[in-house]
$ cat target-v7.txt   # compact mmCIF, C-alpha atoms
# COMPACT_ATOMS: atom_id res chain seq x y z
CA PRO F 10 -3.05 0.11 27.14
CA ASP F 11 -2.50 -3.60 26.35
CA PRO F 12 0.25 -3.96 23.70
CA ALA F 13 0.65 -7.72 24.24
CA GLY F 14 -3.09 -8.30 23.85
CA THR F 15 -3.31 -6.03 20.82
CA PHE F 16 -0.37 -7.79 19.14
CA ALA F 17 -1.87 -11.21 19.91
CA CYS F 18 -5.12 -10.10 18.28
CA VAL F 19 -3.60 -8.71 15.07
CA ALA F 20 -1.07 -11.55 14.75
CA ALA F 21 -3.72 -14.29 14.93
CA VAL F 22 -4.15 -14.62 11.17
CA GLY F 23 -4.00 -18.41 10.98
CA THR F 24 -2.06 -20.78 8.79
CA GLY F 25 -4.66 -21.63 6.15
CA GLY F 26 -3.36 -19.48 3.28
CA PRO F 27 -0.95 -20.22 0.46
CA SER F 28 2.18 -22.07 1.53
CA ASP F 29 4.49 -19.67 -0.35
CA GLU F 30 4.88 -16.87 2.20
CA MET F 31 6.42 -13.63 0.96
CA PRO F 32 7.12 -11.32 3.92
CA LEU F 33 9.88 -9.40 2.10
CA ALA F 34 7.65 -8.67 -0.91
CA ALA F 35 4.76 -7.79 1.42
CA THR F 36 7.02 -5.33 3.25
CA ARG F 37 7.96 -3.61 0.00
CA ASP F 38 4.32 -3.59 -1.18
CA ALA F 39 3.21 -1.93 2.07
CA PHE F 40 5.57 0.98 1.47
CA GLU F 41 5.58 1.12 -2.32
CA ASP F 42 2.19 0.05 -3.65
CA ARG F 43 0.02 0.90 -0.64
CA ILE F 44 1.48 4.39 -0.29
CA SER F 45 1.16 5.19 -4.00
CA ASP F 46 -2.49 4.02 -4.04
CA GLY F 47 -3.26 6.08 -0.91
CA HIS F 48 -3.98 3.25 1.54
CA ASN F 49 -0.90 3.98 3.68
CA ALA F 50 -0.53 7.67 2.78
CA GLY F 51 1.18 9.65 5.52
CA PHE F 52 2.48 6.53 7.25
CA ARG F 53 6.18 7.23 6.72
CA ARG F 54 7.70 10.12 8.66
CA ALA F 55 11.26 11.27 7.92
CA ASP F 56 11.86 11.99 11.61
CA ALA F 57 10.91 8.48 12.78
CA LEU F 58 12.65 5.12 12.67
CA LEU F 59 10.85 2.68 10.39
CA ALA F 60 10.55 -0.47 12.51
CA ILE F 61 9.56 -3.71 10.75
CA VAL F 62 8.58 -6.94 12.50
CA ILE F 63 8.33 -10.14 10.46
CA LEU F 64 6.70 -13.12 12.17
CA THR F 65 6.52 -16.34 10.16
CA ASP F 66 6.95 -20.09 10.37
CA GLU F 67 8.11 -20.37 6.73
CA ASN F 68 11.06 -19.33 4.62
CA ASP F 69 10.57 -16.24 2.45
CA CYS F 70 9.48 -17.03 -1.11
CA SER F 71 9.30 -13.50 -2.54
CA TYR F 72 9.67 -13.40 -6.29
CA GLU F 73 10.23 -10.66 -8.87
CA GLN F 74 7.23 -11.03 -11.14
CA SER F 75 4.18 -13.07 -11.97
CA VAL F 76 5.35 -16.51 -12.95
CA SER F 77 3.88 -19.57 -14.59
CA LEU F 78 5.58 -22.70 -13.33
CA PRO F 79 5.46 -26.17 -14.87
CA PHE F 80 3.42 -28.74 -12.97
CA GLY F 81 5.35 -30.04 -9.97
CA GLN F 82 7.78 -27.11 -9.77
CA PHE F 83 7.51 -24.91 -6.70
CA LEU F 84 7.99 -21.15 -6.56
CA CYS F 85 10.56 -21.40 -3.78
CA GLU F 86 12.77 -23.48 -6.05
CA SER F 87 13.12 -20.80 -8.75
CA MET F 88 12.50 -17.17 -9.69
CA MET F 89 13.40 -15.80 -6.26
CA GLU F 90 14.18 -12.11 -6.04
CA PRO F 91 17.58 -11.49 -4.43
CA VAL F 92 17.34 -10.57 -0.75
CA SER F 93 19.69 -7.65 -1.42
CA ASN F 94 16.94 -6.01 -3.52
CA TYR F 95 14.74 -5.67 -0.42
CA VAL F 96 17.57 -4.25 1.68
CA ALA F 97 18.34 -1.77 -1.12
CA PHE F 98 14.66 -0.84 -1.42
CA LEU F 99 14.42 -0.04 2.31
CA ASP F 100 17.68 1.93 2.19
CA GLY F 101 16.31 3.98 -0.69
CA TYR F 102 12.83 4.34 0.75
CA THR F 103 14.08 5.66 4.09
CA GLY F 104 17.20 7.40 2.76
CA SER F 105 19.69 5.48 4.90
CA ARG F 106 20.29 2.12 6.56
CA GLN F 107 20.28 4.02 9.88
CA ARG F 108 16.65 5.08 9.35
CA TRP F 109 15.10 1.60 9.47
CA ALA F 110 15.38 -1.52 11.60
CA THR F 111 13.89 -4.97 11.49
CA ALA F 112 13.16 -7.83 13.82
CA VAL F 113 12.46 -11.27 12.40
CA ILE F 114 10.84 -14.03 14.43
CA ALA F 115 11.09 -17.19 12.34
CA GLY F 116 12.79 -20.54 12.05
CA ALA F 117 16.26 -19.26 12.94
CA GLY F 118 17.94 -22.60 12.23
CA PRO F 119 19.92 -24.55 11.85
CA GLY F 120 17.28 -26.74 10.24
CA ASP F 121 13.54 -26.94 10.76
CA CYS F 122 12.07 -26.97 14.26
CA THR F 123 9.00 -27.64 16.37
CA SER F 124 7.71 -25.87 19.47
CA ALA F 125 4.51 -25.13 21.34
CA LEU F 126 3.74 -22.74 18.47
CA GLY F 127 3.97 -25.52 15.86
CA ASP F 128 6.42 -26.48 13.13
CA ALA F 129 8.70 -23.98 11.41
CA ASP F 130 10.95 -24.18 8.38
CA GLU F 131 14.43 -22.72 8.59
CA ALA F 132 14.07 -19.19 7.22
CA THR F 133 17.35 -19.01 5.29
CA ARG F 134 16.35 -15.98 3.21
CA LEU F 135 15.22 -14.05 6.28
CA ILE F 136 18.45 -14.97 8.08
CA ASP F 137 20.27 -13.55 5.03
CA PHE F 138 18.08 -10.41 5.18
CA VAL F 139 19.03 -9.86 8.83
CA ASN F 140 22.72 -10.47 8.10
CA GLN F 141 22.71 -8.04 5.18
CA THR F 142 20.90 -5.39 7.24
CA GLY F 143 23.55 -5.41 9.97
CA PRO F 144 23.28 -4.01 13.49
CA ASN F 145 19.76 -2.63 12.98
CA ALA F 146 18.39 -6.16 12.63
CA VAL F 147 17.82 -9.15 14.86
CA ILE F 148 16.48 -12.65 14.30
CA SER F 149 14.85 -14.71 17.02
CA SER F 150 13.60 -18.27 16.84
CA ILE F 151 9.87 -18.83 16.71
CA CYS F 152 10.77 -22.24 18.15
CA GLU F 153 11.39 -20.68 21.54
CA GLY F 154 7.66 -21.31 21.91
CA ASP F 155 7.30 -17.89 23.55
CA LEU F 156 7.00 -14.77 21.38
CA SER F 157 7.96 -12.50 24.28
CA VAL F 158 11.63 -13.49 23.76
CA GLY F 159 11.63 -12.32 20.14
CA LEU F 160 9.57 -9.22 20.88
CA ALA F 161 11.97 -8.21 23.69
CA ALA F 162 14.87 -8.59 21.23
CA ALA F 163 12.91 -6.46 18.73
CA LEU F 164 12.41 -3.69 21.27
CA ASP F 165 16.11 -3.75 22.21
CA THR F 166 17.10 -3.53 18.54
CA PHE F 167 14.67 -0.69 17.85
CA SER F 168 15.87 1.21 20.94
CA SER F 169 19.49 0.88 19.81
CA ALA F 170 18.56 2.01 16.30
CA CYS F 171 16.75 5.05 17.71
CA ALA F 172 19.85 5.97 19.70
CA THR F 173 21.91 6.16 16.49
CA PHE F 174 19.15 7.67 14.28
CA PRO F 175 20.76 10.41 12.13
CA PRO F 176 19.59 14.00 12.51
CA ILE F 177 17.02 15.32 10.03
CA GLU F 178 18.58 17.74 7.56
$ encode --input "target-v7.txt" --output "structure tokens"
Amino acid sequence: PDPAGTFACVAAVGTGGPSDEMPLAATRDAFEDRISDGHNAGFRRADALLAIVILTDENDCSYEQSVSLPFGQFLCESMMEPVSNYVAFLDGYTGSRQRWATAVIAGAGPGDCTSALGDADEATRLIDFVNQTGPNAVISSICEGDLSVGLAAALDTFSSACATFPPIE
């Protein structure tokens, strides 16, 4: 009955965790690891658009494997998994680029920014993810200071993607 209130509640996770945020890897884990271990069993339906919302104030730092870095070297400077791997994973997982859509609310650039929601780094990898995804993706700036702008763009994108959703064979 209150989608805005529900979203505000589940999105209030804070900013006290590790500084290397990995929304692309977390997306893949939710559909790969959490389905195979039973936690998200039954979540994916072939007759439904998979809609993904990424909300972050950082750039994506998803990496391919467990790494041991020398002192002073940061994960986001090396060992990054190509963004195209995540697009390819979602294409394979859903069976077609037309069966999934994404909305990213992040530092949409150019450069870092500040708003009523705080500081945000330019999310260059997420911008690349949206660009590689094509028409079923949208990026909005978290620096608007109002999440309703990005969420409205997400709903528009998901509605358009539903309108072109391929028939189930």
$ atom_distance --input "target-v7.txt" --atom1 "CA of Ser169 (chain F)" --atom2 "CA of Ser105 (chain F)"
15.6 Å
$ atom_distance --input "target-v7.txt" --atom1 "CA of Ala97 (chain F)" --atom2 "CA of Leu164 (chain F)"
23.2 Å
$ closest_residue --input "target-v7.txt" --among "F:Gly127, F:Gly51, F:Pro12, F:Pro32" --to "Ile63 (chain F)" --atoms "all atoms listed in the file"
F:Pro32
$ atom_distance --input "target-v7.txt" --atom1 "CA of Ile151 (chain F)" --atom2 "CA of Ala132 (chain F)"
10.4 Å
$ residues_near_point --input "target-v7.txt" --point "(4.8, -0.7, -4.2)" --cutoff "12 Å" --atoms "all atoms listed in the file" --output "list in words"
Leu33, Ala34, Ala35, Thr36, Arg37, Asp38, Ala39, Phe40, Glu41, Asp42, Arg43, Ile44, Ser45, Asp46, Gly47, His48, Asn49, Tyr95, Phe98, Leu99 and Tyr102 of chain F
$ closest_residue --input "target-v7.txt" --among "F:Leu64, F:Leu126, F:Ala161, F:Cys152" --to "Val19 (chain F)" --atoms "only C-alpha atoms"
F:Leu64
$ residues_around --input "target-v7.txt" --residues "Ala21 (chain F)" --least-positions-apart "4" --cutoff "12 Å" --atoms "all atoms listed in the file" --output "list in words"
Gly14, Thr15, Phe16, Ala17, Gly25, Leu64, Thr65 and Leu126 of chain F
$ closest_residue --input "target-v7.txt" --among "F:Met31, F:Ala115, F:Leu58, F:Met88" --to "Asp155 (chain F)" --atoms "all atoms listed in the file"
F:Ala115
$ decode --input "target-v7.txt" --residues "region 158-169 of chain F" --atoms "all heavy atoms" --output "short mmCIF file (atom, residue, chain, number, x, y, z; two decimals), in the first residue's frame"
data_model
loop_
_atom_site.label_atom_id
_atom_site.label_comp_id
_atom_site.auth_asym_id
_atom_site.auth_seq_id
_atom_site.Cartn_x
_atom_site.Cartn_y
_atom_site.Cartn_z
N VAL F 158 12.96 11.22 -8.76
CA VAL F 158 13.32 11.46 -10.17
C VAL F 158 13.85 10.17 -10.78
O VAL F 158 13.41 9.74 -11.85
CB VAL F 158 14.35 12.62 -10.28
CG1 VAL F 158 14.83 12.77 -11.70
CG2 VAL F 158 13.77 13.91 -9.74
N GLY F 159 14.81 9.55 -10.13
CA GLY F 159 15.39 8.31 -10.62
C GLY F 159 14.41 7.15 -10.62
O GLY F 159 14.40 6.32 -11.53
N LEU F 160 13.57 7.08 -9.60
CA LEU F 160 12.59 6.00 -9.54
C LEU F 160 11.52 6.15 -10.61
O LEU F 160 11.06 5.16 -11.18
CB LEU F 160 11.98 5.91 -8.14
CG LEU F 160 12.97 5.50 -7.05
CD1 LEU F 160 12.32 5.60 -5.67
CD2 LEU F 160 13.50 4.10 -7.29
N ALA F 161 11.14 7.39 -10.93
CA ALA F 161 10.19 7.62 -12.03
C ALA F 161 10.80 7.19 -13.36
O ALA F 161 10.14 6.55 -14.19
CB ALA F 161 9.76 9.09 -12.08
N ALA F 162 12.09 7.50 -13.56
CA ALA F 162 12.78 7.06 -14.78
C ALA F 162 12.86 5.53 -14.83
O ALA F 162 12.72 4.94 -15.90
CB ALA F 162 14.18 7.68 -14.84
N ALA F 163 13.06 4.90 -13.67
CA ALA F 163 13.10 3.43 -13.61
C ALA F 163 11.76 2.85 -14.04
O ALA F 163 11.70 1.94 -14.87
CB ALA F 163 13.44 2.98 -12.19
N LEU F 164 10.68 3.39 -13.50
CA LEU F 164 9.35 2.88 -13.86
C LEU F 164 9.06 3.07 -15.34
O LEU F 164 8.48 2.18 -15.99
CB LEU F 164 8.28 3.54 -13.00
CG LEU F 164 8.29 3.14 -11.53
CD1 LEU F 164 7.26 3.96 -10.75
CD2 LEU F 164 8.03 1.66 -11.36
N ASP F 165 9.45 4.21 -15.91
CA ASP F 165 9.27 4.44 -17.34
C ASP F 165 10.05 3.41 -18.16
O ASP F 165 9.54 2.86 -19.14
CB ASP F 165 9.70 5.85 -17.73
CG ASP F 165 8.76 6.93 -17.24
OD1 ASP F 165 7.62 6.60 -16.84
OD2 ASP F 165 9.17 8.11 -17.23
N THR F 166 11.29 3.16 -17.77
CA THR F 166 12.13 2.19 -18.48
C THR F 166 11.54 0.79 -18.37
O THR F 166 11.48 0.05 -19.37
CB THR F 166 13.56 2.22 -17.92
OG1 THR F 166 14.09 3.54 -18.11
CG2 THR F 166 14.46 1.22 -18.61
N PHE F 167 11.10 0.40 -17.19
CA PHE F 167 10.53 -0.93 -17.00
C PHE F 167 9.22 -1.07 -17.78
O PHE F 167 8.95 -2.13 -18.36
CB PHE F 167 10.33 -1.23 -15.53
CG PHE F 167 11.61 -1.24 -14.72
CD1 PHE F 167 11.58 -1.00 -13.36
CD2 PHE F 167 12.85 -1.46 -15.31
CE1 PHE F 167 12.74 -1.00 -12.60
CE2 PHE F 167 14.02 -1.47 -14.56
CZ PHE F 167 13.96 -1.24 -13.20
N SER F 168 8.42 -0.03 -17.83
CA SER F 168 7.17 -0.07 -18.61
C SER F 168 7.46 -0.25 -20.09
O SER F 168 6.82 -1.05 -20.77
CB SER F 168 6.35 1.21 -18.40
OG SER F 168 5.86 1.26 -17.09
N SER F 169 8.44 0.48 -20.60
CA SER F 169 8.83 0.35 -22.01
C SER F 169 9.36 -1.06 -22.30
O SER F 169 9.06 -1.65 -23.33
CB SER F 169 9.89 1.38 -22.38
OG SER F 169 9.36 2.67 -22.32
#
